[in-house]
Amino acid sequence: MASILPASNRSMRSDRKTYRGKRFVRIKNPYLDSMDEDILYHLDLGTKTHNLPAMFGDVKFVCVGGSPNRMKAFALFMHKELGLEDSGEDMKDICAGTDRYCMYKAGPVLSISHGMGIPSISIMLHELIKLLHHARCCDVTIIRIGTSGGIGIMPGSVVITDTAVDSFFKPRFEQVILDKIVTRSTELDKELAEELFNCSKEIPDFPTLIGHTMCTYDFYEGQGRLDGALCSFSREKKLDYLKRAYKAGVRNIEMESTVFAAMCGLCGLKAAVVCVTLLDRLDCDQINLPHDVLVEYQQRPQLLISNFIKQRLGLREQTS
């Protein structure tokens, strides 16, 4: 792990008194305070090897997404949109010492990849949330941006999640802890979702809606696809399932939202999920969009979040 501090046994730990009167990150682990050092292994960071408050203390917005390339592109886009002084061309991956995740910083915006699926994003979130805690960050908004499969809506539509639901359309995340199943709420911040939706109205030709997002453990059979290496159901059963999902309020499907909502909620983070749909699953299973259309669709959540951040920072007029 690369160090940016001189050799020292002193841990760069947070002072809880700093947080009085501010909305701070709540760490729900009584054992952390007794640790002499906290190594954020998968991020290649640590409380003794890095001055986390100096590196990340000004972070107000955290954006996470599956693809490393997409999150680097988002960081470069935000660098330009925020009008930061240097060109951004030499932007470094803060997690370059590991090949698990990438992390880039553009002013008060942190952009991080999380890989695919609940296990991958949950590991990243544990270490990210501890990072924000150790860095003494406050009033942080965290948003997952990505792609998804739509249900009953046009490809290219942007879905802002009000509630993440599981494969049974229930607003819950079930975590196996030791030999018990622990159920956690997956409600997301309604005011933040409305703020994002209102922001989308200012973008021309930008189809956006608020709805439930279904999170599954699998891309193929778990999402009712007929094109995987395995398929144990009929086309009729697939369509019946997806239509029942639509009736329950589900408008898109992905693989990370339930654990994201549960962990952010428990730790006091205002969170949102914003995903573009690449197809309507009632019509097909495979993504066959032309490359240029696919790229433009993938940029839609980035554009919305950029406008949202600039609005929050009072920069809309200067950078538009």
# chains A, B, ... in the order shown; residues from 1 in each chain; ligands from 1

$ select_by_dssp --residues "stretch 145-263 of chain A" --states "strand (DSSP E)" --output "ChimeraX atom specification"
/A:145-150,158-165,172-177,180-185,208-215,250-254

$ select_by_dssp --residues "stretch 34-225 of chain A" --states "alpha helix (DSSP H)" --output "tab-separated table (two decimals) with N, CA and C atoms, in the first residue's frame"
chain	number	residue	atom	x	y	z
A	52	LEU	N	-6.53	10.88	5.46
A	52	LEU	CA	-7.85	10.81	4.84
A	52	LEU	C	-8.64	12.11	4.95
A	53	PRO	N	-8.60	12.84	6.10
A	53	PRO	CA	-9.29	14.13	6.14
A	53	PRO	C	-8.75	15.13	5.12
A	54	ALA	N	-7.44	15.14	4.91
A	54	ALA	CA	-6.86	16.06	3.93
A	54	ALA	C	-7.21	15.67	2.51
A	55	MET	N	-7.27	14.37	2.25
A	55	MET	CA	-7.54	13.88	0.90
A	55	MET	C	-9.02	13.98	0.53
A	56	PHE	N	-9.91	13.73	1.51
A	56	PHE	CA	-11.32	13.56	1.18
A	56	PHE	C	-12.28	14.41	2.01
A	68	PRO	N	-15.38	0.67	-14.38
A	68	PRO	CA	-14.25	1.57	-14.11
A	68	PRO	C	-14.10	2.65	-15.18
A	69	ASN	N	-14.22	2.28	-16.44
A	69	ASN	CA	-14.07	3.26	-17.52
A	69	ASN	C	-15.15	4.33	-17.46
A	70	ARG	N	-16.38	3.90	-17.15
A	70	ARG	CA	-17.48	4.85	-17.08
A	70	ARG	C	-17.31	5.83	-15.92
A	71	MET	N	-16.79	5.34	-14.80
A	71	MET	CA	-16.62	6.22	-13.65
A	71	MET	C	-15.43	7.16	-13.83
A	72	LYS	N	-14.43	6.74	-14.57
A	72	LYS	CA	-13.35	7.67	-14.91
A	72	LYS	C	-13.87	8.74	-15.86
A	73	ALA	N	-14.68	8.32	-16.84
A	73	ALA	CA	-15.25	9.29	-17.78
A	73	ALA	C	-16.14	10.28	-17.04
A	74	PHE	N	-16.89	9.80	-16.05
A	74	PHE	CA	-17.75	10.70	-15.28
A	74	PHE	C	-16.91	11.70	-14.49
A	75	ALA	N	-15.82	11.25	-13.90
A	75	ALA	CA	-14.95	12.15	-13.14
A	75	ALA	C	-14.37	13.23	-14.05
A	76	LEU	N	-13.93	12.85	-15.24
A	76	LEU	CA	-13.40	13.83	-16.19
A	76	LEU	C	-14.49	14.80	-16.63
A	77	PHE	N	-15.69	14.29	-16.84
A	77	PHE	CA	-16.83	15.13	-17.21
A	77	PHE	C	-17.14	16.14	-16.11
A	78	MET	N	-17.15	15.68	-14.86
A	78	MET	CA	-17.43	16.58	-13.74
A	78	MET	C	-16.31	17.61	-13.58
A	79	HIS	N	-15.08	17.20	-13.81
A	79	HIS	CA	-13.95	18.14	-13.73
A	79	HIS	C	-14.17	19.31	-14.69
A	80	LYS	N	-14.62	18.98	-15.90
A	80	LYS	CA	-14.89	20.01	-16.89
A	80	LYS	C	-16.11	20.85	-16.52
A	81	GLU	N	-17.18	20.18	-16.10
A	81	GLU	CA	-18.42	20.87	-15.77
A	81	GLU	C	-18.27	21.81	-14.58
A	118	ILE	N	-24.35	-7.60	-5.97
A	118	ILE	CA	-24.42	-7.26	-4.56
A	118	ILE	C	-23.11	-7.53	-3.81
A	119	PRO	N	-22.46	-8.68	-3.97
A	119	PRO	CA	-21.22	-8.90	-3.22
A	119	PRO	C	-20.15	-7.85	-3.51
A	120	SER	N	-19.98	-7.50	-4.79
A	120	SER	CA	-18.94	-6.55	-5.15
A	120	SER	C	-19.22	-5.15	-4.61
A	121	ILE	N	-20.45	-4.65	-4.79
A	121	ILE	CA	-20.75	-3.30	-4.32
A	121	ILE	C	-20.76	-3.24	-2.79
A	122	SER	N	-21.14	-4.32	-2.11
A	122	SER	CA	-21.20	-4.28	-0.65
A	122	SER	C	-19.80	-4.15	-0.04
A	123	ILE	N	-18.82	-4.83	-0.61
A	123	ILE	CA	-17.44	-4.70	-0.14
A	123	ILE	C	-16.97	-3.26	-0.31
A	124	MET	N	-17.22	-2.70	-1.50
A	124	MET	CA	-16.82	-1.32	-1.74
A	124	MET	C	-17.52	-0.37	-0.78
A	125	LEU	N	-18.81	-0.57	-0.54
A	125	LEU	CA	-19.56	0.34	0.33
A	125	LEU	C	-19.06	0.31	1.77
A	126	HIS	N	-18.75	-0.87	2.28
A	126	HIS	CA	-18.19	-0.95	3.64
A	126	HIS	C	-16.97	-0.05	3.76
A	127	GLU	N	-16.06	-0.15	2.81
A	127	GLU	CA	-14.82	0.61	2.90
A	127	GLU	C	-15.01	2.08	2.53
A	128	LEU	N	-15.91	2.36	1.60
A	128	LEU	CA	-16.21	3.75	1.26
A	128	LEU	C	-16.84	4.48	2.44
A	129	ILE	N	-17.80	3.86	3.09
A	129	ILE	CA	-18.48	4.50	4.22
A	129	ILE	C	-17.50	4.74	5.36
A	130	LYS	N	-16.62	3.78	5.62
A	130	LYS	CA	-15.59	4.01	6.64
A	130	LYS	C	-14.64	5.12	6.22
A	131	LEU	N	-14.32	5.19	4.93
A	131	LEU	CA	-13.47	6.27	4.43
A	131	LEU	C	-14.11	7.63	4.70
A	132	LEU	N	-15.38	7.78	4.38
A	132	LEU	CA	-16.07	9.05	4.61
A	132	LEU	C	-16.10	9.39	6.10
A	133	HIS	N	-16.23	8.38	6.94
A	133	HIS	CA	-16.22	8.58	8.39
A	133	HIS	C	-14.84	9.04	8.87
A	134	HIS	N	-13.81	8.34	8.47
A	134	HIS	CA	-12.45	8.69	8.88
A	134	HIS	C	-12.04	10.07	8.34
A	190	LYS	N	-36.78	10.18	-0.42
A	190	LYS	CA	-37.83	10.63	-1.34
A	190	LYS	C	-37.61	12.06	-1.81
A	191	GLU	N	-37.16	12.94	-0.91
A	191	GLU	CA	-36.92	14.33	-1.29
A	191	GLU	C	-35.81	14.44	-2.32
A	192	LEU	N	-34.77	13.63	-2.16
A	192	LEU	CA	-33.67	13.62	-3.13
A	192	LEU	C	-34.16	13.12	-4.48
A	193	ALA	N	-34.99	12.09	-4.49
A	193	ALA	CA	-35.54	11.57	-5.75
A	193	ALA	C	-36.36	12.63	-6.46
A	194	GLU	N	-37.19	13.38	-5.71
A	194	GLU	CA	-37.99	14.44	-6.31
A	194	GLU	C	-37.11	15.56	-6.84
A	195	GLU	N	-36.06	15.89	-6.10
A	195	GLU	CA	-35.14	16.94	-6.55
A	195	GLU	C	-34.47	16.55	-7.86
A	196	LEU	N	-34.06	15.29	-7.96
A	196	LEU	CA	-33.46	14.81	-9.19
A	196	LEU	C	-34.47	14.81	-10.34
A	197	PHE	N	-35.69	14.40	-10.05
A	197	PHE	CA	-36.73	14.38	-11.08
A	197	PHE	C	-37.00	15.79	-11.60
A	198	ASN	N	-37.11	16.76	-10.69
A	198	ASN	CA	-37.33	18.15	-11.11
A	198	ASN	C	-36.16	18.67	-11.93
A	199	CYS	N	-34.97	18.25	-11.57
A	199	CYS	CA	-33.78	18.66	-12.33
A	199	CYS	C	-33.82	18.09	-13.75
A	200	SER	N	-34.36	16.89	-13.90
A	200	SER	CA	-34.42	16.25	-15.22
A	200	SER	C	-35.35	17.00	-16.17

$ atom_distance --atom1 "atom CA of A:Met214" --atom2 "atom CA of A:Gly156"
17.6 Å

$ closest_residue --among "A:Gly83, A:Pro30, A:Pro108, A:Pro155" --to "A:Leu294" --atoms "only C-alpha atoms"
A:Pro155

$ closest_residue --among "A:Gly46, A:Gly149, A:Gly97, A:Gly268" --to "A:Met255" --atoms "only C-alpha atoms"
A:Gly149
